[in-house]
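Trainee: What follows is run.cif, made up of mmCIF, C-alpha atoms:
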data_my_file
#
loop_
_atom_site.label_atom_id
_atom_site.label_comp_id
_atom_site.auth_asym_id
_atom_site.auth_seq_id
_atom_site.Cartn_x
_atom_site.Cartn_y
_atom_site.Cartn_z
CA MET A 228 0.58 -0.88 -19.18
CA LYS A 229 1.35 2.80 -19.05
CA LYS A 230 2.95 5.10 -19.07
CA SER A 231 2.50 8.61 -20.21
CA PHE A 232 5.86 10.15 -19.75
CA THR A 233 9.53 9.27 -20.39
CA LEU A 234 10.76 6.69 -17.90
CA TYR A 235 14.24 5.54 -16.99
CA LEU A 236 14.57 1.87 -16.09
CA LEU A 237 16.02 1.19 -12.64
CA LEU A 238 17.26 -2.33 -12.12
CA GLY A 239 16.29 -2.41 -8.47
CA PHE A 240 14.27 -0.54 -5.92
CA ILE A 241 16.54 1.96 -4.13
CA THR A 242 15.69 2.84 -0.55
CA ALA A 243 18.86 4.64 0.46
CA CYS A 244 18.19 6.24 3.81
CA SER A 245 19.70 5.62 7.19
CA THR A 246 16.71 7.03 9.06
CA SER A 247 13.80 5.49 7.17
CA GLN A 248 12.88 2.19 5.58
CA PRO A 249 9.89 1.17 3.46
CA GLU A 250 7.84 -1.46 5.24
CA LYS A 251 4.91 -2.44 3.09
CA THR A 252 2.46 -1.61 0.38
CA GLY A 253 -1.30 -1.69 0.64
CA ASN A 254 -4.51 -0.60 -0.99
CA LYS A 255 -6.35 0.90 1.99
CA PRO A 256 -7.18 4.53 1.19
CA VAL A 257 -5.14 7.13 3.03
CA VAL A 258 -8.16 9.36 3.60
CA SER A 259 -11.45 8.44 5.21
CA GLU A 260 -14.00 7.35 2.61
CA GLU A 261 -16.88 8.72 4.74
CA LYS A 262 -15.54 12.25 4.63
CA SER A 263 -13.53 12.39 1.44
CA VAL A 264 -14.59 13.11 -2.14
CA ILE A 265 -11.69 10.90 -3.26
CA LYS A 266 -13.25 7.64 -4.43
CA PRO A 267 -10.66 5.25 -5.93
CA ILE A 268 -11.88 2.52 -8.27
CA GLU A 269 -11.90 -0.55 -6.08
CA GLY A 270 -9.19 -3.07 -6.86
CA MET A 271 -7.30 -0.67 -9.14
CA GLU A 272 -5.77 1.67 -6.55
CA ILE A 273 -2.11 2.59 -6.51
CA PRO A 274 -0.60 0.81 -3.48
CA ILE A 275 0.25 2.92 -0.46
CA ARG A 276 3.97 2.89 0.30
CA THR A 277 4.71 2.98 4.03
CA PHE A 278 7.99 4.32 5.42
CA THR A 279 8.99 4.44 9.09
CA VAL A 280 10.76 7.54 10.43
CA SER A 281 11.73 8.94 13.81
CA ALA A 282 9.22 11.28 15.44
CA THR A 283 11.98 13.33 17.06
CA GLU A 284 15.00 13.19 14.74
CA LYS A 285 15.49 14.73 11.32
CA SER A 286 14.49 12.14 8.70
CA VAL A 287 14.89 11.70 4.95
CA ILE A 288 13.16 9.16 2.72
CA ASP A 289 14.84 8.57 -0.65
CA LEU A 290 12.27 7.33 -3.16
CA PRO A 291 13.32 4.85 -5.87
CA ASN A 292 12.40 7.20 -8.74
CA GLY A 293 14.70 10.02 -7.59
CA GLY A 294 12.18 11.80 -5.39
CA LYS A 295 12.59 12.55 -1.69
CA ILE A 296 10.51 13.20 1.45
CA SER A 297 12.16 14.99 4.39
CA PHE A 298 11.11 16.00 7.90
CA PRO A 299 12.78 18.25 10.49
CA GLY A 300 13.27 17.07 14.08
CA ASN A 301 10.23 16.92 16.37
CA ALA A 302 7.96 17.28 13.32
CA PHE A 303 4.91 15.36 14.54
CA VAL A 304 2.00 15.76 16.96
CA ASP A 305 -0.97 13.57 17.79
CA GLU A 306 -4.64 14.39 17.13
CA ASN A 307 -4.69 16.58 20.25
CA GLY A 308 -1.64 18.59 19.18
CA LYS A 309 0.69 16.92 21.68
CA ALA A 310 4.28 16.20 20.61
CA ILE A 311 5.01 12.50 20.17
CA THR A 312 8.09 10.30 20.37
CA GLY A 313 9.05 6.93 18.94
CA LYS A 314 8.39 5.92 15.34
CA VAL A 315 5.92 7.27 12.80
CA ASP A 316 4.62 5.50 9.68
CA ILE A 317 4.53 7.77 6.62
CA GLN A 318 1.95 6.68 4.01
CA TRP A 319 2.72 7.78 0.45
CA GLN A 320 1.08 7.56 -2.99
CA GLU A 321 2.10 9.38 -6.17
CA TYR A 322 0.21 9.72 -9.45
CA HIS A 323 1.64 10.51 -12.88
CA SER A 324 -0.10 8.79 -15.76
CA LEU A 325 -3.63 8.93 -17.10
CA THR A 326 -4.33 5.54 -15.56
CA ASP A 327 -2.88 6.60 -12.20
CA ILE A 328 -5.26 9.58 -12.11
CA LEU A 329 -8.24 7.69 -13.51
CA PHE A 330 -8.10 4.99 -10.85
CA SER A 331 -7.24 7.41 -8.03
CA GLY A 332 -10.71 8.96 -7.89
CA ILE A 333 -9.17 12.40 -7.34
CA PRO A 334 -11.06 15.34 -8.96
CA MET A 335 -9.11 16.97 -11.80
CA THR A 336 -10.85 20.30 -12.45
CA TYR A 337 -10.28 23.78 -11.05
CA ASP A 338 -12.92 26.46 -10.56
CA SER A 339 -11.74 30.02 -11.16
CA LEU A 340 -14.14 33.00 -11.30
CA GLY A 341 -17.03 30.67 -12.08
CA VAL A 342 -15.22 28.88 -14.89
CA THR A 343 -14.36 25.18 -14.54
CA ARG A 344 -11.16 24.13 -16.31
CA ALA A 345 -9.29 20.85 -16.66
CA PHE A 346 -5.91 20.20 -15.08
CA GLU A 347 -2.79 19.08 -16.97
CA SER A 348 -0.85 17.33 -14.24
CA GLY A 349 2.88 17.52 -13.68
CA GLY A 350 2.62 14.99 -10.85
CA MET A 351 0.32 14.46 -7.89
CA PHE A 352 0.78 12.90 -4.45
CA THR A 353 -1.09 11.97 -1.27
CA ILE A 354 0.75 11.79 2.05
CA SER A 355 -0.40 11.00 5.60
CA ALA A 356 1.06 9.62 8.82
CA VAL A 357 0.01 7.28 11.63
CA GLN A 358 1.42 5.97 14.88
CA ASN A 359 0.00 2.76 16.33
CA GLY A 360 -2.99 3.10 14.03
CA LYS A 361 -3.80 6.67 15.11
CA THR A 362 -3.60 9.74 12.87
CA VAL A 363 -0.49 11.91 13.18
CA GLU A 364 -0.19 15.52 11.99
CA LEU A 365 2.68 17.87 11.28
CA ALA A 366 3.49 20.09 14.25
CA PRO A 367 2.83 23.85 13.89
CA GLY A 368 5.74 25.51 12.12
CA LYS A 369 7.14 22.16 10.94
CA ASN A 370 6.97 21.58 7.18
CA ALA A 371 7.57 18.40 5.22
CA GLY A 372 9.86 18.77 2.21
CA ILE A 373 8.64 16.99 -0.93
CA ASP A 374 10.85 16.46 -3.99
CA LEU A 375 8.47 14.86 -6.47
CA ALA A 376 9.88 13.11 -9.53
CA SER A 377 7.96 14.37 -12.57
CA TYR A 378 7.46 12.80 -15.98
CA ASN A 379 6.07 15.94 -17.61
CA TYR A 380 8.67 17.94 -19.57
CA ARG A 381 7.05 21.32 -18.85
CA LYS A 382 9.28 22.99 -16.25
CA THR A 383 6.93 25.54 -14.66
CA PHE A 384 3.72 24.43 -12.94
CA ASN A 385 1.35 25.76 -10.33
CA PHE A 386 1.02 23.93 -7.02
CA TYR A 387 -2.38 23.17 -5.47
CA SER A 388 -3.71 21.54 -2.31
CA LEU A 389 -6.98 19.59 -2.28
CA ASP A 390 -9.82 20.04 0.19
CA ASP A 391 -10.81 16.38 0.25
CA GLN A 392 -14.25 17.14 1.73
CA THR A 393 -15.35 19.60 -0.97
CA GLY A 394 -13.17 18.44 -3.87
CA LYS A 395 -11.91 21.99 -4.47
CA TRP A 396 -8.28 22.80 -5.23
CA ASP A 397 -6.55 25.73 -3.52
CA TYR A 398 -3.72 27.47 -5.40
CA GLN A 399 -0.52 27.69 -3.33
CA THR A 400 2.37 28.85 -5.50
CA THR A 401 4.13 28.59 -8.88
CA ALA A 402 7.60 27.08 -9.22
CA THR A 403 10.12 25.84 -11.75
CA ALA A 404 11.40 22.26 -11.67
CA THR A 405 15.04 21.23 -11.56
CA GLU A 406 16.82 18.33 -13.23
CA ASN A 407 16.41 15.00 -11.44
CA PRO A 408 19.77 14.16 -9.81
CA LYS A 409 21.29 10.70 -10.05
CA ALA A 410 19.78 8.19 -7.70
CA VAL A 411 21.92 7.45 -4.63
CA SER A 412 22.78 3.87 -3.82
CA GLY A 413 22.64 2.35 -0.35
CA SER A 414 26.38 2.92 0.13
CA GLY A 415 25.98 6.66 -0.41
CA SER A 416 27.88 6.68 -3.71
CA PRO A 417 26.27 7.80 -6.99
CA ALA A 418 24.60 4.99 -8.86
CA LYS A 419 25.45 4.29 -12.45
CA LYS A 420 23.49 6.32 -14.95
CA MET A 421 21.10 3.93 -16.59
CA SER A 422 21.85 3.14 -20.22
CA THR A 423 18.32 2.01 -21.02
CA TYR A 424 14.85 3.45 -21.34
CA THR A 425 11.55 1.80 -20.56
CA LEU A 426 9.41 1.66 -23.69
CA ASP A 427 5.77 1.34 -22.70
CA VAL A 428 4.02 -0.10 -25.74
CA THR A 429 1.94 -3.21 -26.33
CA PRO A 430 3.06 -4.88 -29.56
CA VAL A 431 0.98 -7.38 -31.46
CA ILE A 432 2.45 -10.80 -30.59
CA SER A 433 1.87 -13.80 -32.83
CA LYS A 434 1.72 -17.02 -30.84
CA ASP A 435 2.83 -18.94 -33.92
CA SER A 436 5.92 -16.78 -34.52
CA PHE A 437 6.85 -16.08 -30.87
CA PRO A 438 5.39 -18.89 -28.71
CA GLU A 439 7.88 -18.12 -25.94
CA LEU A 440 6.25 -14.73 -25.24
CA ASN A 441 3.21 -14.37 -23.00
CA PRO A 442 1.69 -10.88 -23.53
CA ASP A 443 -0.04 -11.02 -20.12
CA GLU A 444 3.32 -11.33 -18.34
CA ILE A 445 5.09 -8.44 -20.09
CA ILE A 446 5.26 -5.19 -18.08
CA ALA A 447 7.29 -3.11 -20.54
CA TRP A 448 10.20 -3.23 -22.98
CA GLU A 449 13.82 -2.28 -22.28
CA VAL A 450 15.53 -0.25 -25.04
CA ASP A 451 19.11 0.97 -25.16
CA LYS A 452 19.38 4.77 -25.11
CA SER A 453 21.63 4.69 -28.16
CA GLN A 454 18.63 3.62 -30.26
CA ILE A 455 16.13 6.31 -29.31
CA GLY A 456 16.23 9.85 -27.92
CA ALA A 457 14.30 11.01 -24.84
CA LYS A 458 11.93 13.30 -26.77
CA GLU A 459 11.38 10.64 -29.41
CA LEU A 460 10.66 8.09 -26.69
CA ALA A 461 8.15 10.47 -25.09
CA SER A 462 6.40 10.89 -28.43
CA PHE A 463 5.96 7.16 -28.89
CA THR A 464 4.97 6.63 -25.25
CA LEU A 465 2.42 9.43 -25.03
CA LYS A 466 0.56 8.68 -28.23
CA LYS A 467 -1.26 5.78 -29.76
CA VAL A 468 1.46 3.55 -31.21
CA ASP A 469 1.18 0.65 -33.62
CA ALA A 470 3.91 -1.67 -32.29
CA ARG A 471 4.82 -4.98 -33.92
CA ILE A 472 7.52 -7.58 -33.42
CA ILE A 473 9.47 -8.16 -36.62
CA GLN A 474 11.96 -10.80 -35.52
CA ARG A 475 13.89 -12.27 -32.62
CA ASN A 476 17.61 -11.56 -32.20
CA ARG A 477 19.00 -13.76 -29.43
CA ASP A 478 17.55 -12.35 -26.18
CA HIS A 479 16.24 -9.22 -27.91
CA TYR A 480 13.36 -8.58 -30.28
CA VAL A 481 13.16 -6.15 -33.18
CA LEU A 482 10.15 -3.87 -32.70
CA SER A 483 8.58 -1.74 -35.41
CA LEU A 484 6.94 1.40 -33.96
CA LYS A 485 4.55 3.57 -35.91
CA GLU A 486 2.70 6.67 -34.71
CA GLY A 487 1.11 8.70 -37.49
CA LYS A 488 3.89 9.48 -39.99
CA ASN A 489 6.62 8.67 -37.46
CA THR A 490 8.23 5.25 -37.68
CA LYS A 491 11.05 3.66 -35.72
CA THR A 492 12.71 0.25 -35.52
CA VAL A 493 14.46 -0.71 -32.26
CA GLN A 494 15.87 -3.76 -30.54
CA ALA A 495 14.08 -4.33 -27.24
CA LYS A 496 14.08 -6.82 -24.41
CA PRO A 497 10.80 -7.74 -22.68
CA ILE A 498 10.53 -6.95 -18.97
CA THR A 499 8.30 -9.55 -17.36
CA PHE A 500 6.79 -10.29 -14.00
CA ALA A 501 9.18 -13.21 -13.75
CA SER A 502 12.24 -10.96 -14.18
CA LYS A 503 10.98 -8.68 -11.39
CA SER A 504 9.80 -11.41 -9.06
CA SER A 505 11.98 -13.09 -6.45
CA SER A 506 10.12 -16.30 -7.13
CA ASN A 507 11.56 -18.66 -9.71
CA ASP A 508 8.21 -20.30 -10.21
CA LEU A 509 5.90 -17.83 -11.96
CA ALA A 510 3.04 -20.29 -11.68
CA LYS A 511 3.08 -19.75 -7.90
CA THR A 512 2.91 -15.97 -8.23
CA THR A 513 -0.55 -14.81 -7.22
CA VAL A 514 -2.61 -12.24 -9.10
CA GLU A 515 -2.08 -9.87 -6.17
CA ASP A 516 1.70 -10.37 -6.35
CA LYS A 517 1.69 -9.67 -10.09
CA LEU A 518 -0.39 -6.55 -9.59
CA LYS A 519 1.95 -5.32 -6.88
CA LEU A 520 5.00 -5.95 -9.09
CA ALA A 521 3.49 -4.10 -12.03
CA LEU A 522 2.42 -1.10 -10.00
CA GLU A 523 5.69 -0.82 -8.08
CA TYR A 524 7.64 -1.17 -11.28
CA GLN A 525 5.64 1.40 -13.19
CA ASN A 526 5.07 3.95 -10.44
CA LEU A 527 8.09 3.77 -8.14
CA ALA A 528 11.09 2.15 -9.79
CA GLN A 529 11.64 4.59 -12.63
CA GLN A 530 13.21 8.02 -12.69
CA GLY A 531 11.41 11.08 -13.99
CA GLN A 532 13.29 13.76 -15.88
CA LEU A 533 12.53 16.57 -13.43
CA ILE A 534 12.17 17.19 -9.70
CA ARG A 535 9.43 19.49 -8.41
CA SER A 536 10.23 20.69 -4.89
CA ILE A 537 7.85 22.12 -2.30
CA GLU A 538 7.36 22.38 1.47
CA ILE A 539 3.93 21.50 2.86
CA PRO A 540 2.58 22.47 6.32
CA LYS A 541 0.06 19.64 6.57
CA PHE A 542 -0.65 16.20 5.18
CA GLY A 543 -3.12 15.68 2.34
CA THR A 544 -3.37 15.49 -1.46
CA TYR A 545 -1.37 17.90 -3.62
CA ASN A 546 -0.96 18.50 -7.34
CA TRP A 547 1.56 20.18 -9.63
CA ASP A 548 -0.68 21.42 -12.41
CA CYS A 549 -1.50 23.96 -15.06
CA MET A 550 -4.77 24.81 -16.77
CA TYR A 551 -5.62 23.17 -20.07
CA GLU A 552 -5.44 26.04 -22.58
CA LYS A 553 -6.21 24.43 -25.93
CA PRO A 554 -9.51 25.26 -27.69
CA THR A 555 -12.63 23.36 -26.63
CA GLU A 556 -16.35 23.30 -27.38
CA ASP A 557 -18.97 22.82 -24.65
CA ILE A 558 -21.68 20.20 -25.06
CA PHE A 559 -24.11 18.63 -22.61
CA VAL A 560 -24.12 14.83 -22.60
CA LYS A 561 -26.46 12.15 -21.35
CA LEU A 562 -24.70 8.78 -21.12
CA ASP A 563 -26.35 5.38 -21.13
CA VAL A 564 -24.36 2.14 -20.84
CA GLU A 565 -25.85 -0.88 -22.60
CA ASN A 566 -27.01 -3.71 -20.32
CA ARG A 567 -25.76 -1.95 -17.19
CA GLU A 568 -27.07 -3.77 -14.10
CA ASP A 569 -26.19 -1.24 -11.42
CA ASP A 570 -26.13 2.43 -12.42
CA GLU A 571 -24.71 3.59 -9.09
CA TYR A 572 -21.36 1.93 -9.60
CA THR A 573 -20.51 3.19 -13.08
CA CYS A 574 -17.78 5.85 -13.34
CA PHE A 575 -17.44 8.22 -16.30
CA PHE A 576 -14.39 10.12 -17.54
CA TYR A 577 -13.61 12.52 -20.37
CA VAL A 578 -10.10 11.81 -21.69
CA ILE A 579 -7.72 13.56 -24.11
CA PRO A 580 -4.88 10.98 -24.24
CA LYS A 581 -2.34 13.03 -26.21
CA ASP A 582 -2.59 15.96 -23.79
CA GLY A 583 -2.69 13.85 -20.63
CA ILE A 584 -6.12 15.20 -19.68
CA ILE A 585 -8.62 13.14 -17.73
CA VAL A 586 -11.73 14.64 -16.10
CA PRO A 587 -14.23 12.63 -14.00
CA ILE A 588 -17.75 13.52 -15.17
CA GLU A 589 -21.32 12.66 -14.28
CA GLU A 590 -23.82 10.63 -16.25
CA HIS A 591 -25.52 13.91 -17.19
CA SER A 592 -23.01 16.75 -17.42
CA LYS A 593 -21.29 19.42 -19.46
CA VAL A 594 -18.15 18.30 -21.29
CA ARG A 595 -15.53 20.59 -22.82
CA VAL A 596 -14.57 18.64 -25.94
CA SER A 597 -11.15 19.28 -27.47
CA LEU A 598 -11.14 20.90 -30.90
CA GLU A 599 -7.50 20.00 -31.49
CA ASN A 600 -6.78 16.42 -30.40
CA PRO A 601 -8.73 13.13 -30.39
CA SER A 602 -10.68 12.45 -27.20
CA THR A 603 -13.17 10.01 -25.71
CA ILE A 604 -15.69 9.51 -22.93
CA VAL A 605 -14.96 6.32 -20.99
CA ALA A 606 -17.34 4.40 -18.72
CA ILE A 607 -16.18 1.79 -16.19
CA THR A 608 -18.91 -0.39 -14.65
CA LYS A 609 -18.87 -2.11 -11.27
CA ASP A 610 -17.77 -5.31 -13.09
CA LYS A 611 -14.79 -3.37 -14.53
CA GLU A 612 -16.25 -3.39 -18.05
CA VAL A 613 -15.01 -0.52 -20.22
CA TYR A 614 -17.30 1.30 -22.69
CA SER A 615 -16.70 4.53 -24.58
CA VAL A 616 -18.02 7.30 -26.77
CA LYS A 617 -15.52 7.42 -29.61
CA ASN A 618 -13.84 10.56 -30.92
CA GLN A 619 -15.74 10.48 -34.23
CA ASP A 620 -19.06 10.67 -32.37
CA LEU A 621 -17.89 13.56 -30.20
CA ASN A 622 -16.67 15.36 -33.32
CA LYS A 623 -20.07 14.99 -34.97
CA ALA A 624 -21.72 16.44 -31.89
CA ILE A 625 -19.56 19.55 -31.54
CA HIS A 626 -19.96 20.40 -35.24
CA GLN A 627 -23.73 19.98 -35.28
CA GLN A 628 -25.37 23.36 -35.73
CA GLY A 629 -27.62 24.62 -32.95
CA GLN A 630 -27.92 21.49 -30.81
CA ARG A 631 -25.85 21.48 -27.62
CA GLU A 632 -27.31 18.48 -25.79
CA PHE A 633 -26.64 14.91 -26.90
CA THR A 634 -27.53 11.41 -25.73
CA PHE A 635 -24.91 8.71 -26.28
CA GLN A 636 -25.69 5.00 -26.08
CA MET A 637 -22.41 3.49 -24.87
CA SER A 638 -22.61 0.09 -26.52
CA GLY A 639 -19.69 -1.89 -27.84
CA ARG A 640 -17.70 -3.03 -24.83
CA ARG A 641 -13.96 -2.35 -25.25
CA GLY A 642 -12.83 -4.92 -22.71
CA ILE A 643 -12.64 -5.82 -19.00
CA LEU A 644 -10.13 -4.46 -16.49
CA ARG A 645 -8.34 -7.17 -14.57
CA GLU A 646 -5.40 -4.98 -13.53
CA PRO A 647 -4.52 -1.28 -13.92
CA ARG A 648 -2.27 -1.67 -16.94
CA ASP A 649 -5.22 -3.07 -18.92
CA MET A 650 -6.57 0.48 -19.15
CA SER A 651 -3.56 1.62 -21.16
CA ARG A 652 -4.19 -1.18 -23.64
CA LEU A 653 -7.91 -0.42 -23.88
CA LEU A 654 -7.68 3.36 -24.06
CA PRO A 655 -6.63 3.49 -27.76
CA LEU A 656 -9.68 1.32 -28.56
CA CYS A 657 -11.89 3.83 -26.77
CA VAL A 658 -10.71 6.75 -28.92
#
Let me see whether you can do it: turn the structure in this file into C-alpha cells.
Mentor:
Amino acid sequence: MKKSFTLYLLLGFITACSTSQPEKTGNKPVVSEEKSVIKPIEGMEIPIRTFTVSATEKSVIDLPNGGKISFPGNAFVDENGKAITGKVDIQWQEYHSLTDILFSGIPMTYDSLGVTRAFESGGMFTISAVQNGKTVELAPGKNAGIDLASYNYRKTFNFYSLDDQTGKWDYQTTATATENPKAVSGSGSPAKKMSTYTLDVTPVISKDSFPELNPDEIIAWEVDKSQIGAKELASFTLKKVDARIIQRNRDHYVLSLKEGKNTKTVQAKPITFASKSSSNDLAKTTVEDKLKLALEYQNLAQQGQLIRSIEIPKFGTYNWDCMYEKPTEDIFVKLDVENREDDEYTCFFYVIPKDGIIVPIEEHSKVRVSLENPSTIVAITKDKEVYSVKNQDLNKAIHQQGQREFTFQMSGRRGILREPRDMSRLLPLCV
C-alpha cells in the first residue's frame, strides 16, 4: 500500500473543468524507451492520465488531488514548429511516495561540483502531449502552469528538470509552497472539507477473529480527523508501524498502532477495491482493474497539504527536490542475488524509508549509507522477487575499520510483487 505522506480521503474523483476531461489511463511510457534513461519496472508503472484540451483556447485541468495544469491560448505546435488546431491529449504522471519513485525508473541523484547526492523529493511529475498519435510541443513563449499537490511538509524546495537522455538534473529555481486550496466540485462551488484521513498501514488480520476481512482487497483505512492529528498521522504513515486489529465495532474496527515508543488506538473503516469499484461483483473485477483502482486511489484521489507552483517552457520530467543533508558513510558494494536466473533484469535500490530517500544503484557501486536512520539495499528480479541487504548488515560494514568494499549475498527472499502496493508491505521486512 503506500503512502509516505499525509493524505486526505476524497470520496470521488473530481474532474472539474469545462475545457478538459480525463479520457483514460494507461501504462505506456510517456518518453521513448530507446532514447530515455527512464526505465520503469514493467507491470508496476503509475498509469498515465490523459486529458483532452483545446489547442487554441485557454485550458485548465483540475486534478482530483487539488493540483492543476493550465495552458494559454494557442499553446501548441507540431514537431515542425507549426501551430496546430483541434484537440490535444495531455499525458500526465505524478510521483510522491517511495514506491512511486522506485517503480518509475527515474534517476534520483544530483551531481554538483563532482559530488553525487541523493534527492529528497517534494513531488515529481512527467508531462507530454500528442495529437492523433504524433508528438506535440509547447509553442515558443508559451508556458504550461503546473500546480503540483505535495505530500511533503517542507515548504521550500528546489525545482529541477531532467535530461532524459543523460539522466542529469538541471536546477531551475527555488520556491516556497502554498496551502492546498479546497477542491472545486463540478458545479463550481467549494466542496466540503473532508472529515477523514487515509491511514496507510497494513494491520495483522486474524482470519479466525475477522473472517469477513480480506487483506488483499484492502487499499487503506479511513480514520476520522477527530481521532488523530495531521502530524501524528504523518508520523505513523512515514515510519514502520506495528498495526493490529483489536476488535470490531459495527462497521468500524479498533486499530492499535505502535511505532517505536509512540502508540495510538483509533477506530477505522477499511477502504476496499469493492467500495471503489462500480462493479457489485468483486469476483468479476480483473487484476488489471484492481491495480488501476489502487493506483488511482493512492496517487490521484487524495489531497496533499501543499501546492508547489511553477511554469514550464517544455514538456518532460520535473522534480521538486532538496539535497539529502544528513550524515552518511561511503562504502563500495558488490551485490549477488541468490539463484538469480537473469542478471540483466535485476534492479537495485538503496532506500532510507524514514527520510523518503530512494537511489537506484548498480550491482557494483558506491553507496552513501545513512549514519542516522535505518536503511536497506533492495533488489527486484525480473520475476518481481524482492531481496535485500538489511540495515544491521550495512551498519556492520560502515563501522568496520579500514575496509571500504563489501560483498553482500542477497539471500532470504522477502516476497514477490504482484502489484505496486506490495512493495510498501515488503519494505519494512527489507530493513
Trainee: When you draw a straight line from CA of Gly372 (chain A) to CA of Val357 (chain A), how long is it in Å?
Mentor: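 Separating CA of Gly372 (chain A) from CA of Val357 (chain A) is a distance of 17.8 Å.
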Trainee: Could you list, as a PDB file with C-alpha atoms, in the coordinates of the input, every residue matched by the PyMOL selection byres ((chain A and resi 637) around 9) in this structure?
Mentor:
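Result file follows (expr.pdb):
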ATOM      1  CA  LEU A 562     -24.700   8.780 -21.120  1.00  0.00           C
ATOM      2  CA  ASP A 563     -26.350   5.380 -21.130  1.00  0.00           C
ATOM      3  CA  VAL A 564     -24.360   2.140 -20.840  1.00  0.00           C
ATOM      4  CA  GLU A 565     -25.850  -0.880 -22.600  1.00  0.00           C
ATOM      5  CA  VAL A 605     -14.960   6.320 -20.990  1.00  0.00           C
ATOM      6  CA  ALA A 606     -17.340   4.400 -18.720  1.00  0.00           C
ATOM      7  CA  TYR A 614     -17.300   1.300 -22.690  1.00  0.00           C
ATOM      8  CA  SER A 615     -16.700   4.530 -24.580  1.00  0.00           C
ATOM      9  CA  VAL A 616     -18.020   7.300 -26.770  1.00  0.00           C
ATOM     10  CA  PHE A 635     -24.910   8.710 -26.280  1.00  0.00           C
ATOM     11  CA  GLN A 636     -25.690   5.000 -26.080  1.00  0.00           C
ATOM     12  CA  SER A 638     -22.610   0.090 -26.520  1.00  0.00           C
ATOM     13  CA  GLY A 639     -19.690  -1.890 -27.840  1.00  0.00           C
ATOM     14  CA  ARG A 640     -17.700  -3.030 -24.830  1.00  0.00           C
TER      15      ARG A 640
END
Trainee: Find the spatial neighbours of Ala310 (chain A), counting all atoms listed in the file, within a cut-off of 12 Å - ignore same-chain residues fewer than 2 positions away - and output them as a list of chain:residue names.
Mentor: A:Ala282, A:Thr283, A:Gly300, A:Asn301, A:Ala302, A:Phe303, A:Val304, A:Asp305, A:Glu306, A:Asn307, A:Gly308, A:Thr312, A:Gly313, A:Val315, A:Val363, A:Glu364, A:Leu365, A:Ala366, A:Pro367, A:Lys369
Trainee: Could you list the residues chosen by the PyMOL selection byres ((chain A and resi 347) around 8) in this structure as a ChimeraX atom specification?
Mentor: /A:345-346,348-349,548-551,582-584
Trainee: Can you work out which one of A:Ala470, A:Ile534, A:Val493, A:Ile607 has the shortest atom-to-atom distance to Gly294 (chain A), counting only C-alpha atoms?
Mentor: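 For Gly294 (chain A), the nearest of the given residues is A:Ile534.
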Trainee: If I take CA of Ala624 (chain A) and CA of Glu552 (chain A), how far is one from the other in Å, to one decimal?
Mentor: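 For CA of Ala624 (chain A) relative to CA of Glu552 (chain A), the distance reads 21.1 Å.
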Trainee: Give me the result of the PyMOL selection byres ((chain A and resi 337) around 9) on this file, residue by residue, as JSON, numbers by chain.
Mentor: {"A": [334, 335, 336, 338, 339, 342, 343, 344, 345, 346, 395, 396, 397, 550]}
